[in-house]
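Peer 1: Below are the structure tokens for one structure; questions will follow.
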Amino acid sequence: MTVSAVKIIQPGEIQGMPDDDTPLLVLADAKSLFTDRAARLDQLSVREQGSPWLEFCAQLSRAQAASLNLVDSAPVSEHVVRESFKHHMPPLSISSAQPGPNFTSVLSSICKAIKQVNSSEKVLQAVEGLLKLAPQDQMAQAHAMLEADDAKVTVEYAPFIGAALQVIWTVRARQLESLVSLHHGESGLCPVCGSHPVASTIRMGDRAGHRYLNCSLCNAEWYAPRARCTNCDTPKEVSMFGRTRDDAVQGECCDDCKGYLKLMLQSKDPLIDAMADDLATYSLDVALADEGYMRTCRNLFFIS
Ligand SMILES: [Zn+2]
Ligand SMILES: [Zn+2]
């Protein structure tokens, strides 16, 4: 695949923050999110001629949806949430909040669900290996994943550890629902948990035309002005790179920091899902790397 600049956006075109009642922070409903993501991955797998990788990711998402009832999320203190948002600190920060005692049971549930539906020897070996690990070693892998200390994460275990962490944080994040209006301002990191985005999406429907960053961990979406580098906040222009101008997934590239983030255009594909469509557009990553740009996002189903 080759890409070319399909549009160069000048600083004058950069949109500011909205001054109406457009929501700046939207939390995910975990059940529908993971169920819809699994369906999207099924669809993308078919589109990619039955990709075993995307099929596996669909199975993981279904296993996530099935493990939600194992999360017994302790109530989050309203005072802590208010103070955190006031000081632009993430209330469920990955640097201070723990995966908690439910992590190992969620991980085990996901592993066992995959064992039922996947016959790949490589996948089954990873599942067996993970299930045999002592809980403290599973937790050590989880902490390393949260800290993006990828050298300490076993590559084959990463999708399972990432999936379990997403379940925990997505359920927890939903508890902040009544306080989301306290979030203000711009941020390149998730205002709920402090993680990197997996991608950004320009929405349709009641948020039509607005761009949101999609959290790689808690699945929150937070507002980010369009056409601005979210990695370095340069005032300079960004370029959109894609296979064609009509592709639903483009790379938003910055020549200041040489970083890129994928931009998902829901108007071109209403069922688009930031995480699923990131997984299905690896060829775009390769093409953008050839152009000299680096990924500035994370996808917890793999480590690179
Ligand atoms: Zn988050
Ligand atoms: Zn930049």
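Scheme for the structure tokens: letters A, B, ... for chains in order shown; per-chain residue numbers from 1; ligand numbers from 1 in order shown.
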Leaving out Cys193 of chain A and any residue of its chain fewer than 3 positions from it, which residues lie within 8 Å of it when counting only C-alpha atoms, given as JSON, numbers by chain?

Peer 2: {"A": [90, 91, 92, 93, 94, 190, 217, 218]}

Peer 1: Could you list, as a list in words, all residues that come within 7 Å of ligand 2? Count only C-alpha atoms and all ligand atoms.

Peer 2: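 For ligand 2, the residues inside 7 Å are Cys229, Thr230, Asn231, Cys232, Asp233, Thr234, Cys254, Asp255, Asp256, Cys257, Lys258 and Gly259 of chain A.
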
Peer 1: Export, as a short mmCIF file (atom, residue, chain, number, x, y, z; two decimals), in the first residue's frame, the selected residues with N, CA, C and O atoms.

Peer 2:
```cif
data_model
loop_
_atom_site.label_atom_id
_atom_site.label_comp_id
_atom_site.auth_asym_id
_atom_site.auth_seq_id
_atom_site.Cartn_x
_atom_site.Cartn_y
_atom_site.Cartn_z
N CYS A 229 -2.21 18.77 15.72
CA CYS A 229 -1.43 17.63 16.21
C CYS A 229 -1.74 17.44 17.69
O CYS A 229 -1.63 18.38 18.48
N THR A 230 -2.13 16.23 18.07
CA THR A 230 -2.47 15.97 19.47
C THR A 230 -1.26 15.48 20.25
O THR A 230 -1.33 15.25 21.44
N ASN A 231 -0.14 15.35 19.54
CA ASN A 231 1.06 14.85 20.21
C ASN A 231 1.94 15.99 20.70
O ASN A 231 2.58 15.88 21.74
N CYS A 232 1.99 17.10 19.94
CA CYS A 232 2.94 18.15 20.33
C CYS A 232 2.34 19.55 20.35
O CYS A 232 3.02 20.50 20.72
N ASP A 233 1.07 19.70 19.97
CA ASP A 233 0.42 21.02 20.02
C ASP A 233 1.12 22.08 19.19
O ASP A 233 1.08 23.27 19.51
N THR A 234 1.79 21.69 18.12
CA THR A 234 2.42 22.68 17.26
C THR A 234 1.37 23.58 16.63
O THR A 234 0.26 23.13 16.32
N CYS A 254 2.13 15.04 11.53
CA CYS A 254 2.70 16.32 11.95
C CYS A 254 4.18 16.35 11.55
O CYS A 254 4.94 15.44 11.89
N ASP A 255 4.57 17.40 10.84
CA ASP A 255 5.97 17.48 10.43
C ASP A 255 6.86 18.11 11.49
O ASP A 255 8.07 18.17 11.32
N ASP A 256 6.27 18.57 12.59
CA ASP A 256 7.08 19.11 13.68
C ASP A 256 7.62 17.98 14.55
O ASP A 256 8.81 17.91 14.82
N CYS A 257 6.73 17.08 15.01
CA CYS A 257 7.18 15.99 15.88
C CYS A 257 7.32 14.68 15.11
O CYS A 257 7.75 13.68 15.67
N LYS A 258 6.92 14.68 13.84
CA LYS A 258 6.98 13.49 12.99
C LYS A 258 6.09 12.37 13.52
O LYS A 258 6.35 11.18 13.31
N GLY A 259 5.06 12.75 14.28
CA GLY A 259 4.13 11.76 14.80
C GLY A 259 2.86 11.73 13.96
O GLY A 259 2.57 12.66 13.20
#
```

Peer 1: Report the closest atom pair, with its distance in Å rounded to one decimal, for each residue of segment 97-160 of chain A that has an atom no farther than 12 Å from segment 30-52 of chain A; count only C-alpha atoms, sort by chain and then rising residue number, and write it as a Markdown table.

Peer 2:
```
| residue | atom | partner | partner_atom | distance |
| --- | --- | --- | --- | --- |
| A:Asn118 | CA | A:Pro52 | CA | 9.7 |
| A:Ser119 | CA | A:Pro52 | CA | 10.7 |
| A:Ser120 | CA | A:Pro52 | CA | 9.1 |
| A:Lys122 | CA | A:Pro52 | CA | 11.7 |
| A:Val123 | CA | A:Pro52 | CA | 10.8 |
```

Peer 1: Which of these, A:Gln175, A:Asn69, A:Gln166, A:Ser95, has the shortest distance to Ser216 of chain A once you count only C-alpha atoms?

Peer 2: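 Under the stated criterion, the closest residue is A:Gln166.
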
Peer 1: Between A:Ala289, A:Leu24, A:Ile303, A:Met294, which residue has the minimum interatomic distance to Met1 of chain A, considering only C-alpha atoms?

Peer 2: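 Smallest distance to Met1 of chain A is found for A:Ala289.
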
Peer 1: From the set A:Ser181, A:Ser67, A:Ser109, A:Gln116, which residue has the shortest atom-to-atom contact distance to Phe85 of chain A, counting only C-alpha atoms?

Peer 2: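 Of all the options, A:Ser181 lies closest to Phe85 of chain A.
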
Peer 1: Tell me which protein, DNA and RNA residues are within 8 Å of His183 of chain A, counting only C-alpha atoms, leaving out same-chain ones fewer than 2 positions away, and put them as a list in words.

Peer 2: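 Result of the neighbour search: Leu24, Leu25, Phe85, Lys86, His88, Leu179, Val180, Ser181, Gly185 and Pro191 of chain A.
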
Peer 1: Restricted to all heavy atoms, what would the selected residues look like written as a short mmCIF file (atom, residue, chain, number, x, y, z; two decimals), in the first residue's frame?

Peer 2:
```
data_model
loop_
_atom_site.label_atom_id
_atom_site.label_comp_id
_atom_site.auth_asym_id
_atom_site.auth_seq_id
_atom_site.Cartn_x
_atom_site.Cartn_y
_atom_site.Cartn_z
N LEU A 24 -17.83 17.44 26.06
CA LEU A 24 -16.37 17.39 25.93
C LEU A 24 -15.81 16.05 26.38
O LEU A 24 -14.65 15.73 26.12
CB LEU A 24 -15.72 18.51 26.76
CG LEU A 24 -16.13 19.94 26.39
CD1 LEU A 24 -15.36 20.95 27.24
CD2 LEU A 24 -15.89 20.21 24.90
N LEU A 25 -16.64 15.28 27.09
CA LEU A 25 -16.20 13.97 27.57
C LEU A 25 -17.40 13.02 27.52
O LEU A 25 -18.46 13.33 28.07
CB LEU A 25 -15.68 14.10 29.01
CG LEU A 25 -15.24 12.82 29.72
CD1 LEU A 25 -14.10 12.13 28.98
CD2 LEU A 25 -14.80 13.13 31.16
N PHE A 85 -10.72 16.61 38.35
CA PHE A 85 -11.10 17.36 37.15
C PHE A 85 -10.73 18.84 37.29
O PHE A 85 -10.28 19.47 36.33
CB PHE A 85 -12.60 17.21 36.86
CG PHE A 85 -12.96 15.92 36.16
CD1 PHE A 85 -14.09 15.20 36.52
CD2 PHE A 85 -12.18 15.42 35.12
CE1 PHE A 85 -14.44 14.02 35.86
CE2 PHE A 85 -12.51 14.23 34.46
CZ PHE A 85 -13.65 13.54 34.84
N LYS A 86 -10.92 19.36 38.51
CA LYS A 86 -10.61 20.78 38.74
C LYS A 86 -9.14 21.08 38.45
O LYS A 86 -8.78 22.13 37.92
CB LYS A 86 -10.93 21.10 40.21
CG LYS A 86 -10.93 22.57 40.55
CD LYS A 86 -11.56 22.74 41.93
CE LYS A 86 -10.77 23.69 42.79
NZ LYS A 86 -11.25 23.67 44.18
N HIS A 88 -7.20 19.27 36.45
CA HIS A 88 -6.82 18.61 35.19
C HIS A 88 -5.98 17.36 35.43
O HIS A 88 -5.00 17.10 34.72
CB HIS A 88 -6.08 19.59 34.26
CG HIS A 88 -6.92 20.77 33.90
ND1 HIS A 88 -7.91 20.72 32.95
CD2 HIS A 88 -6.95 22.03 34.39
CE1 HIS A 88 -8.50 21.89 32.86
NE2 HIS A 88 -7.94 22.71 33.73
N LEU A 179 -20.53 13.29 36.50
CA LEU A 179 -19.57 14.38 36.75
C LEU A 179 -18.76 14.76 35.51
O LEU A 179 -17.83 15.56 35.60
CB LEU A 179 -18.61 13.97 37.88
CG LEU A 179 -19.28 13.66 39.23
CD1 LEU A 179 -18.29 13.04 40.20
CD2 LEU A 179 -19.87 14.92 39.84
N VAL A 180 -19.12 14.20 34.35
CA VAL A 180 -18.29 14.45 33.15
C VAL A 180 -18.26 15.93 32.75
O VAL A 180 -17.31 16.40 32.14
CB VAL A 180 -18.73 13.62 31.92
CG1 VAL A 180 -18.38 12.16 32.09
CG2 VAL A 180 -20.20 13.81 31.61
N SER A 181 -19.31 16.67 33.14
CA SER A 181 -19.34 18.09 32.74
C SER A 181 -18.26 18.89 33.46
O SER A 181 -17.99 20.04 33.10
CB SER A 181 -20.72 18.69 33.03
OG SER A 181 -20.97 18.61 34.41
N GLY A 185 -11.24 21.90 28.95
CA GLY A 185 -9.92 22.09 28.35
C GLY A 185 -9.52 20.98 27.40
O GLY A 185 -10.28 20.06 27.12
N PRO A 191 -8.59 12.28 29.87
CA PRO A 191 -8.85 13.01 31.12
C PRO A 191 -9.38 12.12 32.23
O PRO A 191 -9.41 12.53 33.38
CB PRO A 191 -9.90 14.05 30.70
CG PRO A 191 -10.49 13.57 29.44
CD PRO A 191 -9.47 12.68 28.77
#
```

Peer 1: I'd like the interatomic distance between atom CA of Met145 of chain A and atom CA of Cys57 of chain A, to a tenth of an Å.

Peer 2: 17.8 Å

Peer 1: Among segment 52-245 of chain A, which ones does DSSP place in helix (DSSP H, G or I), written as number ranges by chain?

Peer 2: A: 52-66, 68-70, 78-86, 103-117, 121-132, 135-146, 150-152, 155-174, 177-182, 205-207

Peer 1: For the selection just defined, write its residues with C-alpha atoms to a file, as an mmCIF file, in the first residue's frame.

Peer 2:
```cif
data_model
loop_
_atom_site.group_PDB
_atom_site.id
_atom_site.type_symbol
_atom_site.label_atom_id
_atom_site.label_comp_id
_atom_site.auth_asym_id
_atom_site.auth_seq_id
_atom_site.Cartn_x
_atom_site.Cartn_y
_atom_site.Cartn_z
ATOM 1 C CA PRO A 52 -7.285 -14.934 11.728
ATOM 2 C CA TRP A 53 -5.858 -11.974 13.676
ATOM 3 C CA LEU A 54 -9.051 -9.911 13.362
ATOM 4 C CA GLU A 55 -11.147 -13.001 14.094
ATOM 5 C CA PHE A 56 -9.115 -13.510 17.288
ATOM 6 C CA CYS A 57 -9.627 -9.842 18.236
ATOM 7 C CA ALA A 58 -13.399 -10.273 17.702
ATOM 8 C CA GLN A 59 -13.330 -13.283 20.037
ATOM 9 C CA LEU A 60 -11.433 -11.229 22.610
ATOM 10 C CA SER A 61 -14.016 -8.428 22.447
ATOM 11 C CA ARG A 62 -16.848 -10.932 22.910
ATOM 12 C CA ALA A 63 -14.974 -12.409 25.894
ATOM 13 C CA GLN A 64 -14.649 -8.881 27.311
ATOM 14 C CA ALA A 65 -18.417 -8.352 27.032
ATOM 15 C CA ALA A 66 -19.012 -11.687 28.785
ATOM 16 C CA LEU A 68 -18.207 -7.527 32.741
ATOM 17 C CA ASN A 69 -20.220 -8.978 35.627
ATOM 18 C CA LEU A 70 -16.943 -10.012 37.313
ATOM 19 C CA GLU A 78 -17.038 12.145 44.313
ATOM 20 C CA HIS A 79 -14.703 14.530 46.136
ATOM 21 C CA VAL A 80 -11.658 12.927 44.479
ATOM 22 C CA VAL A 81 -13.304 13.116 41.046
ATOM 23 C CA ARG A 82 -14.250 16.779 41.501
ATOM 24 C CA GLU A 83 -10.781 17.748 42.723
ATOM 25 C CA SER A 84 -9.098 15.750 39.959
ATOM 26 C CA PHE A 85 -11.100 17.362 37.145
ATOM 27 C CA LYS A 86 -10.607 20.780 38.744
ATOM 28 C CA PHE A 103 -8.222 -8.358 37.486
ATOM 29 C CA THR A 104 -7.142 -11.994 37.777
ATOM 30 C CA SER A 105 -10.718 -13.325 37.570
ATOM 31 C CA VAL A 106 -11.474 -11.164 34.514
ATOM 32 C CA LEU A 107 -8.225 -12.320 32.891
ATOM 33 C CA SER A 108 -9.016 -15.945 33.649
ATOM 34 C CA SER A 109 -12.559 -15.589 32.261
ATOM 35 C CA ILE A 110 -11.240 -14.064 29.017
ATOM 36 C CA CYS A 111 -8.591 -16.790 28.638
ATOM 37 C CA LYS A 112 -11.116 -19.580 29.198
ATOM 38 C CA ALA A 113 -13.571 -18.042 26.725
ATOM 39 C CA ILE A 114 -10.861 -17.909 24.050
ATOM 40 C CA LYS A 115 -9.933 -21.528 24.754
ATOM 41 C CA GLN A 116 -13.497 -22.512 23.869
ATOM 42 C CA VAL A 117 -13.548 -20.808 20.482
ATOM 43 C CA GLU A 121 -1.870 -23.686 18.652
ATOM 44 C CA LYS A 122 -0.090 -20.390 19.239
ATOM 45 C CA VAL A 123 -3.147 -18.821 20.867
ATOM 46 C CA LEU A 124 -3.819 -21.887 23.030
ATOM 47 C CA GLN A 125 -0.188 -21.954 24.189
ATOM 48 C CA ALA A 126 -0.458 -18.324 25.272
ATOM 49 C CA VAL A 127 -3.712 -19.033 27.121
ATOM 50 C CA GLU A 128 -2.226 -22.035 28.942
ATOM 51 C CA GLY A 129 0.902 -20.085 29.830
ATOM 52 C CA LEU A 130 -1.085 -17.182 31.236
ATOM 53 C CA LEU A 131 -3.456 -19.389 33.226
ATOM 54 C CA LYS A 132 -0.471 -21.134 34.818
ATOM 55 C CA PRO A 135 -1.570 -14.141 40.288
ATOM 56 C CA GLN A 136 1.290 -11.847 41.344
ATOM 57 C CA ASP A 137 3.055 -12.507 38.027
ATOM 58 C CA GLN A 138 -0.159 -11.808 36.088
ATOM 59 C CA MET A 139 -0.450 -8.573 38.065
ATOM 60 C CA ALA A 140 3.187 -7.674 37.329
ATOM 61 C CA GLN A 141 2.426 -7.995 33.601
ATOM 62 C CA ALA A 142 -0.640 -5.787 34.065
ATOM 63 C CA HIS A 143 1.392 -3.087 35.797
ATOM 64 C CA ALA A 144 4.053 -3.217 33.082
ATOM 65 C CA MET A 145 1.346 -2.861 30.424
ATOM 66 C CA LEU A 146 -0.188 0.143 32.201
ATOM 67 C CA ASP A 150 6.661 -3.148 27.011
ATOM 68 C CA ALA A 151 9.964 -4.969 27.555
ATOM 69 C CA LYS A 152 8.442 -6.524 30.695
ATOM 70 C CA VAL A 155 4.287 -10.373 23.653
ATOM 71 C CA GLU A 156 1.887 -13.335 23.407
ATOM 72 C CA TYR A 157 0.152 -12.355 26.664
ATOM 73 C CA ALA A 158 -0.345 -8.691 25.750
ATOM 74 C CA PRO A 159 -3.786 -8.990 24.049
ATOM 75 C CA PHE A 160 -5.253 -10.867 27.037
ATOM 76 C CA ILE A 161 -3.730 -8.551 29.659
ATOM 77 C CA GLY A 162 -4.811 -5.496 27.643
ATOM 78 C CA ALA A 163 -8.335 -6.873 27.210
ATOM 79 C CA ALA A 164 -8.736 -7.519 30.961
ATOM 80 C CA LEU A 165 -7.437 -4.047 31.857
ATOM 81 C CA GLN A 166 -9.873 -2.457 29.404
ATOM 82 C CA VAL A 167 -12.769 -4.299 31.049
ATOM 83 C CA ILE A 168 -11.812 -3.057 34.530
ATOM 84 C CA TRP A 169 -11.211 0.570 33.501
ATOM 85 C CA THR A 170 -14.219 0.846 31.166
ATOM 86 C CA VAL A 171 -16.593 -0.318 33.925
ATOM 87 C CA ARG A 172 -14.948 1.985 36.474
ATOM 88 C CA ALA A 173 -15.003 4.998 34.162
ATOM 89 C CA ARG A 174 -18.773 4.750 33.762
ATOM 90 C CA GLU A 177 -21.054 9.661 34.335
ATOM 91 C CA SER A 178 -22.778 12.314 36.481
ATOM 92 C CA LEU A 179 -19.571 14.377 36.749
ATOM 93 C CA VAL A 180 -18.293 14.454 33.149
ATOM 94 C CA SER A 181 -19.342 18.085 32.741
ATOM 95 C CA LEU A 182 -16.557 19.003 35.194
ATOM 96 C CA GLY A 205 -25.265 12.189 14.433
ATOM 97 C CA ASP A 206 -25.751 14.498 17.400
ATOM 98 C CA ARG A 207 -22.005 15.176 17.562
#
```

Peer 1: At what distance in Å, to one decimal, does atom CA of Asp277 of chain A lie from atom CA of Val249 of chain A?

Peer 2: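 Here the two named atoms are 7.8 Å from each other.
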
Peer 1: Figure out the distance between atom CA of Ile202 of chain A and atom CA of Met264 of chain A, please, to one decimal in Å.

Peer 2: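 So the two atoms, atom CA of Met264 of chain A and atom CA of Ile202 of chain A, lie 6.2 Å apart.
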
Peer 1: Using only C-alpha atoms, which residues sit within 9 Å of Lys268 of chain A once same-chain residues fewer than 6 positions away are excluded, as number ranges by chain?

Peer 2: A: 246-249

Peer 1: Find, counting only C-alpha atoms, the residue in A:Ala148, A:Ala274, A:Leu176, A:Ala280 that gets nearest to Ser200 of chain A.

Peer 2: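 Looking only at the distances to Ser200 of chain A, the closest residue turns out to be A:Ala274.
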